[in-house]
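Q: Please read through the structure below; I'll follow up with questions.
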Amino acid sequence: MKCKGIPSIICSSIMIILLNVCSGSLIASENDIDNKVDEVLSRMTLEEKVGQMTQISLEFISKGYPNTEVPLTLDPERMRKVIVDHHVGSILNVGTHAHTAERWQEIITELQNMAVTQSRLGIPIIYGIDAVHGANYTKDATLFPQSIAMAATWNKDLSRQEGEITAYEVRASGIPWNFNPVLGMGRQPLWPRLWETYGEDPYLASVMGYEYIKGLEGENNTISQNNKVAACMKHYLGYSFPLTGQDRTPAWIPERMLREYFIPPFQAAVDAGISTVMVNSSEINGVPVHSSPFYLKELLFDEMGFEGFVVSDWLDIHNLYQREKVAVDYRDAIKQAVMAGIDMSMVPLDLDFSTILIDLVKKGEVPISRIDEAVRRILKVKFRIGLFDNPYPDPSLLSKVGCEKFSQVNRQAAREAITLLENRDSLLPLNKNARILVTGPTADKLSVLNGGWTITWQGDQEKLYPQGKNTIFEALVHTFGKQNVDYIEYSGDNTTQIVNEAKDKNAVILCLGEQPYCETPGNIKDLSLEQDQIKLAKALYKTNVPVILILVEGRPRIIQEIESSARAILLAYLPGMEGGNAIAEVIAGDFNPCGKLPLTYPRYPNDLTLYDHKVSEDINEFCNYNPQWPFGYGLSYTTFEFSNLSLDKNIMHKGEELKISVTVKNTGKRRGMQVVQLYIGDRVASVTPSHKRLKKFSKIDLEPGESRQVTFLIQEKDLGFIGRDNKPIIEPGDFNVFIGDLQTSFTYK
Ligand code: BGC
């Protein structure tokens with residue numbers, strides 16, 4: 001078979017791949033892929049194999065590196081050196097800042113041309129990118145709420161839709177691999193990446209993560225479709241729980257805790273058939289995960305059943321000797337990491353990795369079988385994506401990037417995320433004729449609504465944000481009318497001016513929170529909201545004009561000092577590009593808020609007890625779970641009544657299922673959504689039980705006066721826990737059931 005301009009290896013692959021019909025799309029069968037991978041592997045030199053294990057950053061092959069030029073242009077000489085001479089099989093990242101989807105297609109086409117037509121075997125590049133809240137490195141793409149806010153929607157359909165739209169827009173940019181979702185548990189609120197997680201509960205994170213992955217990869221993981229991408233669960237394992245709260249510092253997680261809380265969302269991702277995994281940059285119990293065969297082989301492959309490939313995080317093989325100090329030099333670090341199970345190194349800014357690894361193999365220090373295993377895994381994903389079939393971007397996808405339909409889904413996600421935490425005397429919603437003063441450091445910027453991973457890594461380049469999107473202030477002007485809304489920019493020292501301006505208003509909308517940050521630069525030493533913001537709130541309270549606090553933040557900054565005098569409080573998290581509009585809709589009552597906290601909102605910086613604490617952590621006034629707001633909390637403009645909590649049996653025998661039902665009624669005057677949350681607490685167990693754990697949830701939408709019965713099915717595994725021997729166990733005994741303000745119990749025999 002002759003194919004013009006396409007090397008023979010691709011042509012033969014087209015012939016060999018037998019196509020099956022699956023979910024209405026064509027995918028190559030797994031067996032055929034295995035055969036094809038073996039065939040390619042048999043033709044590869046050691047240098048070519050090691051090249052496939054190497055991932056290099058886009059800026060490294062762009063003009064002007066290390067001061068990469070803006071706008072970014074590929075440097076043909078550097079490209080040739082990397083892709084042809086060093087056989088590099090993967091490129092990542094944005095280089096400078098977001099490109100248009102069209103420009104992305106040009107970049108990817110240039111890279112693939114080099115790989116496919118200039119290298120000996122013509123193996124296509126797998127390009128990877130961080131598209132963590134939509135295609136955030138594609139200009140004018142649909143930028144969703146960050147994951148912590150998506151979790152606050154408790155709406156798994158929205159999570160799947162986010163995945164689908166992200167996949168579409170990333171693939172429309174010519175990129176087939178997304179480094180997301182973050183499935184670390186958000187159980188350390190200081191950690192600057194908390195907002196990349198789905199919050200503190202493993203069940204909620206598992207459900208949201210599973211759906212998002214299915215959205216990215218397709219129900220049947222049909223990642224060869226031109227609107228799907230390979231997902232990457234990260235950062236496996238334990239990265240999210242640094243003891244000090246500082247990014248990339250040690251986690252101490254006993255095995256039982258690891259299995260009880262940290263593994264389940266990753267297991268859910270493996271069960272979803274996820275294609276790749278990225279590794280924790282740091283360590284667990286003194287062992288850097290990048291150097292651990294236990295985490296990267298035994299647990300991940302042998303026990304959890306993962307079938308994709310393992311990519312390191314940025315520079316993290318270097319870090320084994322430079323930072324973690326478990327290796328004497330780079331060579332030692334490479335040997336440890338590759339032997340532990342790293343298949344692809346996100347090097348990303350030098351070519352020594354491949355040179356050293358080749359030498360390690362030649363000297364017998366790394367067996368060729370390990371190299372073959374890694375390359376086999378990588379090639380398999382490349383085949384499954386369909387890169388050998390067609391490595392080029394699809395221009396027909398371009399027209400829908402950032403389209404209105406996607407934006408509507410995004411708006412709905414932002415609406416459903418927003419969590420009403422206080423509404424004293426039902427101040428909200430505000431009458432549309434109300435005269436409002438808007439102020440505060442997060443009132444008039446798009447960057448604060450989006451946070452890190454937006455257009456640039458830190459997300460803080462306000463001038464690069466799209467003109468057409470609304471800040472909170474702009475959206476309020478649209479909703480309440482120009483004549484009703486005044487804005488004063490908070491400069492840090494103009495409190496008197498703001499207070500004077502507030503005096504004749506019906507309400508002040510005070511937008512507080514955090515400026516954008518990402519990863520380690522977002523480290524803080526104190527979870528309290530900054531003092532100047534606290535002072536501004538206190539000064540405004542003195543006017544007696546009702547103050548509505550809008551918290552725009554990636555982690556729960558402590559506001560205990562100013563909470564009780566706020567008339568209403570909305571937590572917006574990082575609600576994305578439609579966040580401003582959604583906030584205005586909620587304030588005006590055009591949307592009835594329904595977000596529920598996916599985390600415990602602490603009251604004090606040093607009391608970070610989580611909702612699923614042990615019974616002993618909440619026994620009296622000296623030792624209790626006393627957060628500002630508990631996990632699962634969130635108000636509405638309507639009221640709901642829970643009744644008839646009933647079980648289909650009081651005794652559940654081994655092997656049986658249990659049906660739990662409850663009736664929920666909208667007893668107020670507005671239509672509203674409610675999240676029905678089912679918690680179970682084991683009364684006595686051989687490992688101290690948690691007071692309660694989330695086991696199921698369901699989101700319902702009720703008209704005023706409407707009731708609905710919600711039924712959950714509980715299985716034995718929902719009663720289990722990790723036992724004293726670190727293995728799952730289910731013990732007979734009595735269990736409490738909690739839904740809303742109701743409680744009952746049953747016995748398991
Ligand atoms: C982050 C990863 C990210 C990678 C590539 C690292 O610093 O930890 O989450 O995928 O960079 O941008």
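Naming scheme: A, B, ... for chains in displayed order of the structure tokens; residues 1 onward per chain; ligands 1 onward as shown.
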Can you build me a table of chain A residues sitting at most 6 Å from ligand 1, with the closest atom pair per residue and its distance in Å to one decimal, using only C-alpha atoms and all ligand atoms, sorted by chain and residue number, as a tab-separated table?

A:
```
residue	atom	partner	partner_atom_place_in_ligand_line	distance
A:Asn93	CA	ligand 1	12 (O)	5.9
A:Asp130	CA	ligand 1	10 (O)	5.5
A:Phe179	CA	ligand 1	10 (O)	5.2
A:Asp313	CA	ligand 1	6 (C)	5.6
A:Trp314	CA	ligand 1	6 (C)	4.8
```

Q: What lies within 12 Å of A:Ser616 using only C-alpha atoms, ignoring chain neighbours under 6 positions off, as a PyMOL selection string?

A: chain A and resi 609+622-625+688-691

Q: Put those residues in a file: all heavy atoms, as an mmCIF file, in the first residue's frame.

A:
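So the final result, stored in out39.cif, reads:
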```cif
data_model
loop_
_atom_site.group_PDB
_atom_site.id
_atom_site.type_symbol
_atom_site.label_atom_id
_atom_site.label_comp_id
_atom_site.auth_asym_id
_atom_site.auth_seq_id
_atom_site.Cartn_x
_atom_site.Cartn_y
_atom_site.Cartn_z
ATOM 1 N N THR A 609 -10.074 19.814 61.610
ATOM 2 C CA THR A 609 -10.791 18.539 61.694
ATOM 3 C C THR A 609 -11.753 18.424 60.502
ATOM 4 O O THR A 609 -12.429 19.391 60.158
ATOM 5 C CB THR A 609 -11.615 18.487 63.001
ATOM 6 O OG1 THR A 609 -10.747 18.844 64.077
ATOM 7 C CG2 THR A 609 -12.193 17.113 63.240
ATOM 8 N N PHE A 622 -14.638 20.609 74.619
ATOM 9 C CA PHE A 622 -13.180 20.791 74.560
ATOM 10 C C PHE A 622 -12.574 20.129 73.330
ATOM 11 O O PHE A 622 -11.432 20.383 72.968
ATOM 12 C CB PHE A 622 -12.512 20.209 75.822
ATOM 13 C CG PHE A 622 -13.125 20.741 77.088
ATOM 14 C CD1 PHE A 622 -13.858 19.904 77.919
ATOM 15 C CD2 PHE A 622 -12.984 22.080 77.433
ATOM 16 C CE1 PHE A 622 -14.437 20.395 79.074
ATOM 17 C CE2 PHE A 622 -13.564 22.576 78.591
ATOM 18 C CZ PHE A 622 -14.293 21.732 79.412
ATOM 19 N N CYS A 623 -13.321 19.236 72.768
ATOM 20 C CA CYS A 623 -12.787 18.466 71.640
ATOM 21 C C CYS A 623 -13.945 18.184 70.692
ATOM 22 O O CYS A 623 -14.760 17.316 70.951
ATOM 23 C CB CYS A 623 -12.193 17.164 72.174
ATOM 24 S SG CYS A 623 -11.558 16.117 70.876
ATOM 25 N N ASN A 624 -14.004 18.977 69.635
ATOM 26 C CA ASN A 624 -15.187 18.812 68.787
ATOM 27 C C ASN A 624 -14.930 19.194 67.330
ATOM 28 O O ASN A 624 -13.914 19.776 66.984
ATOM 29 C CB ASN A 624 -16.366 19.619 69.350
ATOM 30 C CG ASN A 624 -15.992 21.075 69.564
ATOM 31 O OD1 ASN A 624 -15.007 21.555 69.007
ATOM 32 N ND2 ASN A 624 -16.771 21.769 70.359
ATOM 33 N N TYR A 625 -15.911 18.815 66.505
ATOM 34 C CA TYR A 625 -15.932 19.224 65.092
ATOM 35 C C TYR A 625 -16.774 20.482 65.064
ATOM 36 O O TYR A 625 -17.996 20.428 65.162
ATOM 37 C CB TYR A 625 -16.569 18.118 64.251
ATOM 38 C CG TYR A 625 -16.712 18.429 62.764
ATOM 39 C CD1 TYR A 625 -15.598 18.714 61.980
ATOM 40 C CD2 TYR A 625 -17.966 18.400 62.139
ATOM 41 C CE1 TYR A 625 -15.735 18.970 60.610
ATOM 42 C CE2 TYR A 625 -18.101 18.652 60.775
ATOM 43 C CZ TYR A 625 -16.985 18.938 60.019
ATOM 44 O OH TYR A 625 -17.114 19.193 58.664
ATOM 45 N N THR A 688 -11.119 2.059 64.856
ATOM 46 C CA THR A 688 -12.011 3.124 65.323
ATOM 47 C C THR A 688 -12.819 3.728 64.163
ATOM 48 O O THR A 688 -12.242 4.230 63.200
ATOM 49 C CB THR A 688 -11.218 4.255 66.003
ATOM 50 O OG1 THR A 688 -10.213 4.702 65.095
ATOM 51 C CG2 THR A 688 -10.583 3.771 67.292
ATOM 52 N N PRO A 689 -14.149 3.660 64.254
ATOM 53 C CA PRO A 689 -14.957 4.126 63.122
ATOM 54 C C PRO A 689 -15.060 5.647 63.068
ATOM 55 O O PRO A 689 -14.984 6.324 64.079
ATOM 56 C CB PRO A 689 -16.328 3.511 63.408
ATOM 57 C CG PRO A 689 -16.362 3.292 64.885
ATOM 58 C CD PRO A 689 -14.952 3.082 65.345
ATOM 59 N N SER A 690 -15.280 6.140 61.834
ATOM 60 C CA SER A 690 -15.615 7.553 61.671
ATOM 61 C C SER A 690 -17.033 7.762 62.160
ATOM 62 O O SER A 690 -17.863 6.853 62.088
ATOM 63 C CB SER A 690 -15.561 7.939 60.201
ATOM 64 O OG SER A 690 -14.247 7.924 59.754
ATOM 65 N N HIS A 691 -17.308 8.972 62.581
ATOM 66 C CA HIS A 691 -18.670 9.320 62.986
ATOM 67 C C HIS A 691 -19.629 8.992 61.839
ATOM 68 O O HIS A 691 -20.656 8.340 62.019
ATOM 69 C CB HIS A 691 -18.692 10.804 63.341
ATOM 70 C CG HIS A 691 -20.053 11.373 63.442
ATOM 71 N ND1 HIS A 691 -20.989 10.869 64.305
ATOM 72 C CD2 HIS A 691 -20.655 12.398 62.778
ATOM 73 C CE1 HIS A 691 -22.109 11.569 64.174
ATOM 74 N NE2 HIS A 691 -21.932 12.491 63.252
#
```

Q: Pull the closest atom pair for each residue of stretch 604-706 of chain A that gets at most 8 Å from stretch 411-420 of chain A, along with the distance in Å to one decimal, counting only C-alpha atoms, ordering rows by chain and then ascending residue number, as a Markdown table.

A:
```
| residue | atom | partner | partner_atom | distance |
| --- | --- | --- | --- | --- |
| A:Gly634 | CA | A:Leu420 | CA | 5.4 |
| A:Leu635 | CA | A:Leu420 | CA | 5.1 |
| A:Ser636 | CA | A:Leu420 | CA | 6.7 |
```

Q: Using only C-alpha atoms, which residues sit within 9 Å of A:Val170 once same-chain residues fewer than 5 positions away are excluded, as a list in words?

A: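 Near A:Val170, the qualifying residues are Ala101, Ile129, Ala131, Gly134, Ala135, Asn136, Tyr137, Thr138, Ala141, Ile165, Ile175, Pro176, Trp177, Asn178, Asn227, Lys228 and Val229 of chain A.
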
Q: One decimal, Å: what's the distance from atom CA of A:Met344 over to atom CA of A:Val328, could you say?

A: 21.0 Å

Q: When DSSP is applied to the backbone of this structure, which of stretch 289-503 of chain A are assigned strand (DSSP E or B)? Write them out as a PyMOL selection string.

A: chain A and resi 309-311+344-346+419-423+436-439+454+456+485-488

Q: Please extract the residues of stretch 523-592 of chain A with a backbone DSSP assignment of helix (DSSP H, G or I) and present them as a PDB file with N, CA and C atoms, in the first residue's frame.

A:
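Here's the written file out.pdb:
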```
ATOM      1  N   GLN A 531      -5.306  40.319  56.499  1.00  0.00           N
ATOM      2  CA  GLN A 531      -5.815  41.327  57.435  1.00  0.00           C
ATOM      3  C   GLN A 531      -6.415  42.546  56.753  1.00  0.00           C
ATOM      4  N   ASP A 532      -5.847  42.976  55.617  1.00  0.00           N
ATOM      5  CA  ASP A 532      -6.414  44.189  55.003  1.00  0.00           C
ATOM      6  C   ASP A 532      -7.840  43.929  54.516  1.00  0.00           C
ATOM      7  N   GLN A 533      -8.112  42.713  54.111  1.00  0.00           N
ATOM      8  CA  GLN A 533      -9.476  42.393  53.672  1.00  0.00           C
ATOM      9  C   GLN A 533     -10.437  42.329  54.861  1.00  0.00           C
ATOM     10  N   ILE A 534      -9.931  41.772  55.962  1.00  0.00           N
ATOM     11  CA  ILE A 534     -10.740  41.702  57.196  1.00  0.00           C
ATOM     12  C   ILE A 534     -11.089  43.128  57.641  1.00  0.00           C
ATOM     13  N   LYS A 535     -10.081  43.999  57.582  1.00  0.00           N
ATOM     14  CA  LYS A 535     -10.294  45.385  58.034  1.00  0.00           C
ATOM     15  C   LYS A 535     -11.309  46.095  57.145  1.00  0.00           C
ATOM     16  N   LEU A 536     -11.231  45.851  55.860  1.00  0.00           N
ATOM     17  CA  LEU A 536     -12.178  46.481  54.935  1.00  0.00           C
ATOM     18  C   LEU A 536     -13.606  46.046  55.277  1.00  0.00           C
ATOM     19  N   ALA A 537     -13.784  44.766  55.518  1.00  0.00           N
ATOM     20  CA  ALA A 537     -15.124  44.264  55.872  1.00  0.00           C
ATOM     21  C   ALA A 537     -15.607  44.921  57.159  1.00  0.00           C
ATOM     22  N   LYS A 538     -14.734  44.982  58.150  1.00  0.00           N
ATOM     23  CA  LYS A 538     -15.150  45.552  59.448  1.00  0.00           C
ATOM     24  C   LYS A 538     -15.530  47.020  59.294  1.00  0.00           C
ATOM     25  N   ALA A 539     -14.779  47.729  58.485  1.00  0.00           N
ATOM     26  CA  ALA A 539     -15.081  49.149  58.277  1.00  0.00           C
ATOM     27  C   ALA A 539     -16.447  49.300  57.604  1.00  0.00           C
ATOM     28  N   LEU A 540     -16.727  48.440  56.662  1.00  0.00           N
ATOM     29  CA  LEU A 540     -18.014  48.530  55.957  1.00  0.00           C
ATOM     30  C   LEU A 540     -19.182  48.134  56.863  1.00  0.00           C
ATOM     31  N   TYR A 541     -18.954  47.199  57.769  1.00  0.00           N
ATOM     32  CA  TYR A 541     -20.035  46.812  58.693  1.00  0.00           C
ATOM     33  C   TYR A 541     -20.498  48.017  59.507  1.00  0.00           C
ATOM     34  N   GLN A 560     -13.518  33.880  60.256  1.00  0.00           N
ATOM     35  CA  GLN A 560     -14.257  33.836  61.510  1.00  0.00           C
ATOM     36  C   GLN A 560     -14.522  35.237  62.088  1.00  0.00           C
ATOM     37  N   GLU A 561     -13.550  36.125  61.970  1.00  0.00           N
ATOM     38  CA  GLU A 561     -13.692  37.476  62.546  1.00  0.00           C
ATOM     39  C   GLU A 561     -14.779  38.304  61.873  1.00  0.00           C
ATOM     40  N   ILE A 562     -15.068  38.008  60.631  1.00  0.00           N
ATOM     41  CA  ILE A 562     -16.022  38.859  59.902  1.00  0.00           C
ATOM     42  C   ILE A 562     -17.294  38.115  59.485  1.00  0.00           C
ATOM     43  N   GLU A 563     -17.398  36.874  59.916  1.00  0.00           N
ATOM     44  CA  GLU A 563     -18.527  36.061  59.454  1.00  0.00           C
ATOM     45  C   GLU A 563     -19.855  36.531  60.055  1.00  0.00           C
ATOM     46  N   GLY A 579     -18.188  32.666  35.848  1.00  0.00           N
ATOM     47  CA  GLY A 579     -18.428  32.870  37.278  1.00  0.00           C
ATOM     48  C   GLY A 579     -19.081  34.200  37.595  1.00  0.00           C
ATOM     49  N   GLY A 580     -18.639  35.264  36.935  1.00  0.00           N
ATOM     50  CA  GLY A 580     -19.203  36.585  37.199  1.00  0.00           C
ATOM     51  C   GLY A 580     -20.699  36.591  36.923  1.00  0.00           C
ATOM     52  N   ASN A 581     -21.075  36.059  35.773  1.00  0.00           N
ATOM     53  CA  ASN A 581     -22.496  36.012  35.404  1.00  0.00           C
ATOM     54  C   ASN A 581     -23.293  35.177  36.402  1.00  0.00           C
ATOM     55  N   ALA A 582     -22.735  34.032  36.767  1.00  0.00           N
ATOM     56  CA  ALA A 582     -23.460  33.137  37.672  1.00  0.00           C
ATOM     57  C   ALA A 582     -23.660  33.799  39.039  1.00  0.00           C
ATOM     58  N   ILE A 583     -22.647  34.494  39.499  1.00  0.00           N
ATOM     59  CA  ILE A 583     -22.765  35.167  40.809  1.00  0.00           C
ATOM     60  C   ILE A 583     -23.870  36.227  40.745  1.00  0.00           C
ATOM     61  N   ALA A 584     -23.881  36.997  39.659  1.00  0.00           N
ATOM     62  CA  ALA A 584     -24.917  38.037  39.520  1.00  0.00           C
ATOM     63  C   ALA A 584     -26.307  37.416  39.478  1.00  0.00           C
ATOM     64  N   GLU A 585     -26.433  36.301  38.780  1.00  0.00           N
ATOM     65  CA  GLU A 585     -27.736  35.631  38.713  1.00  0.00           C
ATOM     66  C   GLU A 585     -28.197  35.181  40.095  1.00  0.00           C
ATOM     67  N   VAL A 586     -27.281  34.678  40.875  1.00  0.00           N
ATOM     68  CA  VAL A 586     -27.639  34.214  42.221  1.00  0.00           C
ATOM     69  C   VAL A 586     -28.022  35.405  43.099  1.00  0.00           C
ATOM     70  N   ILE A 587     -27.250  36.480  43.011  1.00  0.00           N
ATOM     71  CA  ILE A 587     -27.553  37.648  43.852  1.00  0.00           C
ATOM     72  C   ILE A 587     -28.929  38.210  43.499  1.00  0.00           C
ATOM     73  N   ALA A 588     -29.256  38.181  42.219  1.00  0.00           N
ATOM     74  CA  ALA A 588     -30.542  38.744  41.780  1.00  0.00           C
ATOM     75  C   ALA A 588     -31.693  37.745  41.899  1.00  0.00           C
TER      76      ALA A 588
END
```

Q: Show which residues sit within 7 Å of A:Phe697, as a list in words. Count only C-alpha atoms, and ignore same-chain residues fewer than 6 positions away.

A: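 The neighbour list is Val675, Val676, Gln677 and Leu678 of chain A.
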
Q: Write out as a tab-separated table (two decimals) with C-alpha atoms, in the first residue's frame each polymer residue whose atoms come within 7 Å of stretch 484-488 of chain A, counting only C-alpha atoms; drop sequence neighbours fewer than 2 positions from it.

A:
```
chain	number	residue	atom	x	y	z
A	433	ASN	CA	-33.81	48.05	41.81
A	434	ALA	CA	-31.43	47.86	44.76
A	435	ARG	CA	-28.62	50.40	44.71
A	436	ILE	CA	-25.39	48.55	45.15
A	437	LEU	CA	-21.77	49.32	45.82
A	438	VAL	CA	-19.35	46.72	44.50
A	439	THR	CA	-15.82	46.61	45.82
A	477	VAL	CA	-24.06	46.00	35.96
A	480	PHE	CA	-28.99	45.41	38.04
A	481	GLY	CA	-28.47	48.22	35.52
A	482	LYS	CA	-25.71	50.75	35.24
A	490	TYR	CA	-9.94	48.59	46.29
A	498	ILE	CA	-15.22	53.07	49.99
```

Q: So the first atom is atom CA of A:Ile455 and the second is atom CA of A:Thr54; what is the distance between them in Å, to one decimal place?

A: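 Value for the atom CA of A:Ile455-atom CA of A:Thr54 distance: 25.5 Å.
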